[in-house]
Each structure stands twice: as structure tokens, then as C-alpha cells.
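Chemist: Below is one structure. I have some questions about it.
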Amino acid sequence: MSRWRPAAAPSTAMITADGHRRLRDELDTLWRVRRPEVVAALAAAAAEGDRSENAEYTYRKKQLGEIDRRLRYLTKRLESLKVVDAAPADTGVVYFGAWIELEDEAGRGRLYRIVGPDETDPQRGWISLDSPLARAALGKREGDAFEVQLPSSPAHYEIVRIAYQVPADA
């Protein structure tokens, strides 16, 4: 079987100011804390002698490779990201960074925040700008209804509220 995989669709290079700060902090922590710890542990494992049968050495080499890979990714990604740190001129329309409260056909409400693909968090209701739900909601106003094709089935929503500051019930 081949290892070839089709190229992933390019993700939108936008991020909130908080998301950008978190990625910079992760880069800093990896570079200044985690990598030196792993390099020191790798040197200690290498000093033990025969590397071919040294599980600690093998584990640390793999760990160092993963850290270096993440460092390369974060360095390149942070250079290409556009930080969006201001609300749009028309705050009554759904744009990037908006908190939107949606109501489905059954009357159940759910709060979402539209963020960049690097900061999605389903547990918190943070959805990617590239997601079908976010794409369908963009440009809509409070009271607008729309339909979106979700992976499981089509869904109908109505926009109940739009905010660009963290809502009190978030």
C-alpha cells in the first residue's frame, strides 16, 4: 500500500490576537523549555553506551524529532498568519471573530465563535472559519435563517445573537 495522501485543502491564514499569542507562547515554551530538557535527556541516554539497544535513546530521538517538527510548523505558520484584533465596522453582521448564538429547528440554542483553523476547540464551541457551519453563517444578520449541509445531514438554523466581545453566558 502506498503512503501517498492527497494534499490537504489550504486553510485560511487568519487568527485572533489571543490565538496568535497562544501559538507564540507554545513556540517559546518548546524552544526554551521542552527542547533543552529533551536534548539533555538525549545526551544522558547517549552517554550510556550502546545506542542500538537503548530504548531511552530511541525514545528521546523520536521526541526531539516531534518537537523540531512542531517548531518548524509554528515558525512558518506564525509568519503567514494575519492577526485580526479589531471588530468589524458593522457588528450586526457575522464575520471572523464573531460569537453567534444559533437556534435549530427544535428550538435548541447553541453558542459558537468563528475563529481561525489553528484555534478551533469544539468543547468551547469555537469553530473554524473554514467549517461548513461558519461559511454558511458568514454575512448573515440577527434573525436570518440559513441551511447548511453538515456531514450527517442538512440542518436549518436561525441567528439569534451576534457579538464581538465575549458574551456573559459564554
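Letters for chains follow the order of the C-alpha cells (A, B, ...), residue numbers begin at 1 for each chain, and ligand numbers begin at 1 in the order shown.
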Run DSSP on the backbone and grab whatever in chain A lands in strand (DSSP E or B); send it over as a ChimeraX atom specification.
Modeler: /A:14-16,82-84,93,99-104,109-115,121,126-128,141,145-149,154-163
Chemist: Using backbone DSSP assignments, extract all helix (DSSP H, G or I) residues from segment 67-153 of chain A; output them as a ChimeraX atom specification.
Modeler: /A:67-80,117-119,122-124,132-137
Chemist: Keeping N, CA, C and O atoms, export the residues of the selection given above as a CSV table (one decimal), in the first residue's frame.
Modeler:
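The file below, selection_34.csv, is the result:
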```
chain,number,residue,atom,x,y,z
A,67,ILE,N,9.4,17.5,18.5
A,67,ILE,CA,9.5,18.9,18.9
A,67,ILE,C,10.0,19.8,17.8
A,67,ILE,O,9.5,20.8,17.5
A,68,ASP,N,11.1,19.3,17.1
A,68,ASP,CA,11.6,20.1,15.9
A,68,ASP,C,10.6,20.2,14.8
A,68,ASP,O,10.5,21.3,14.2
A,69,ARG,N,9.8,19.2,14.6
A,69,ARG,CA,8.8,19.3,13.5
A,69,ARG,C,7.7,20.3,13.9
A,69,ARG,O,7.3,21.2,13.1
A,70,ARG,N,7.3,20.4,15.2
A,70,ARG,CA,6.3,21.3,15.6
A,70,ARG,C,6.9,22.8,15.6
A,70,ARG,O,6.2,23.7,15.2
A,71,LEU,N,8.2,22.9,15.9
A,71,LEU,CA,8.9,24.2,15.9
A,71,LEU,C,8.9,24.7,14.5
A,71,LEU,O,8.6,25.9,14.2
A,72,ARG,N,9.2,23.9,13.5
A,72,ARG,CA,9.3,24.3,12.1
A,72,ARG,C,7.9,24.7,11.7
A,72,ARG,O,7.7,25.8,11.0
A,73,TYR,N,6.8,23.9,12.0
A,73,TYR,CA,5.5,24.3,11.6
A,73,TYR,C,5.1,25.6,12.2
A,73,TYR,O,4.5,26.5,11.5
A,74,LEU,N,5.3,25.8,13.5
A,74,LEU,CA,4.8,27.0,14.2
A,74,LEU,C,5.6,28.2,13.6
A,74,LEU,O,5.0,29.3,13.4
A,75,THR,N,6.9,28.1,13.4
A,75,THR,CA,7.6,29.2,12.8
A,75,THR,C,7.1,29.6,11.5
A,75,THR,O,6.9,30.8,11.2
A,76,LYS,N,6.8,28.7,10.6
A,76,LYS,CA,6.3,29.0,9.3
A,76,LYS,C,4.9,29.5,9.4
A,76,LYS,O,4.5,30.5,8.7
A,77,ARG,N,4.1,28.9,10.2
A,77,ARG,CA,2.6,29.3,10.3
A,77,ARG,C,2.5,30.7,10.9
A,77,ARG,O,1.7,31.5,10.4
A,78,LEU,N,3.3,31.0,11.9
A,78,LEU,CA,3.2,32.4,12.5
A,78,LEU,C,3.5,33.5,11.5
A,78,LEU,O,3.0,34.6,11.6
A,79,GLU,N,4.5,33.2,10.6
A,79,GLU,CA,4.9,34.2,9.6
A,79,GLU,C,3.7,34.4,8.6
A,79,GLU,O,3.6,35.5,8.1
A,80,SER,N,2.9,33.4,8.3
A,80,SER,CA,1.9,33.5,7.3
A,80,SER,C,0.6,34.0,7.8
A,80,SER,O,-0.3,34.3,7.0
A,117,PRO,N,-8.4,28.3,11.8
A,117,PRO,CA,-8.3,26.8,11.9
A,117,PRO,C,-7.3,26.4,12.9
A,117,PRO,O,-7.3,25.3,13.4
A,118,ASP,N,-6.4,27.3,13.3
A,118,ASP,CA,-5.3,26.9,14.3
A,118,ASP,C,-5.8,27.0,15.7
A,118,ASP,O,-5.1,26.6,16.7
A,119,GLU,N,-7.0,27.5,16.0
A,119,GLU,CA,-7.5,27.7,17.3
A,119,GLU,C,-8.9,27.1,17.5
A,119,GLU,O,-9.6,27.4,18.5
A,122,PRO,N,-13.8,22.4,19.7
A,122,PRO,CA,-15.3,22.0,19.7
A,122,PRO,C,-15.9,22.0,21.1
A,122,PRO,O,-17.1,22.3,21.3
A,123,GLN,N,-15.1,21.7,22.1
A,123,GLN,CA,-15.6,21.7,23.5
A,123,GLN,C,-16.1,23.1,23.9
A,123,GLN,O,-17.0,23.3,24.7
A,124,ARG,N,-15.4,24.1,23.4
A,124,ARG,CA,-15.8,25.5,23.8
A,124,ARG,C,-16.7,26.1,22.8
A,124,ARG,O,-17.2,27.3,22.9
A,132,PRO,N,-18.1,24.2,7.4
A,132,PRO,CA,-19.4,24.4,6.7
A,132,PRO,C,-20.3,25.3,7.4
A,132,PRO,O,-21.0,26.2,6.8
A,133,LEU,N,-20.5,25.2,8.7
A,133,LEU,CA,-21.4,26.0,9.5
A,133,LEU,C,-20.9,27.5,9.5
A,133,LEU,O,-21.8,28.4,9.3
A,134,ALA,N,-19.7,27.7,9.7
A,134,ALA,CA,-19.2,29.1,9.7
A,134,ALA,C,-19.3,29.7,8.3
A,134,ALA,O,-19.7,30.9,8.2
A,135,ARG,N,-19.0,29.0,7.3
A,135,ARG,CA,-19.1,29.5,5.9
A,135,ARG,C,-20.6,29.9,5.6
A,135,ARG,O,-20.8,30.9,5.0
A,136,ALA,N,-21.5,29.1,6.1
A,136,ALA,CA,-22.9,29.4,5.8
A,136,ALA,C,-23.4,30.6,6.6
A,136,ALA,O,-24.3,31.3,6.2
A,137,ALA,N,-22.8,30.8,7.8
A,137,ALA,CA,-23.3,31.9,8.7
A,137,ALA,C,-22.7,33.2,8.3
A,137,ALA,O,-23.2,34.3,8.6
```
Chemist: Compare A:Leu81, A:Glu101, A:Arg32, A:Lys61 by their minimum atom-to-atom distance to Ala45 of chain A, counting only C-alpha atoms, and give me the closest one.
Modeler: A:Lys61
Chemist: Under the rule that only C-alpha atoms are counted, which of A:Gln63, A:Gln165, A:Thr120, A:Ser153 is the nearest residue to Val39 of chain A?
Modeler: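 Ranked by minimum distance to Val39 of chain A, first place goes to A:Gln63.
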Chemist: Choose the residue, out of A:Arg3, A:Arg141, A:Lys62, A:Lys82, that has the smallest atom-to-atom separation from Gly19 of chain A; count only C-alpha atoms.
Modeler: A:Lys82
Chemist: Extract, using only C-alpha atoms, all DNA, RNA and protein residues at most 7 Å from segment 94-100 of chain A, discarding same-chain residues fewer than 5 positions from it, and format them as a count of residues only.
Modeler: 17
Chemist: Check the smallest atom-to-atom distance from each of A:Leu42, A:Asp104, A:Val33, A:Glu26 to Asn54 of chain A using only C-alpha atoms, then report the winner.
Modeler: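 Going through A:Leu42, A:Asp104, A:Val33, A:Glu26 one by one, the smallest distance to Asn54 of chain A is for A:Leu42.
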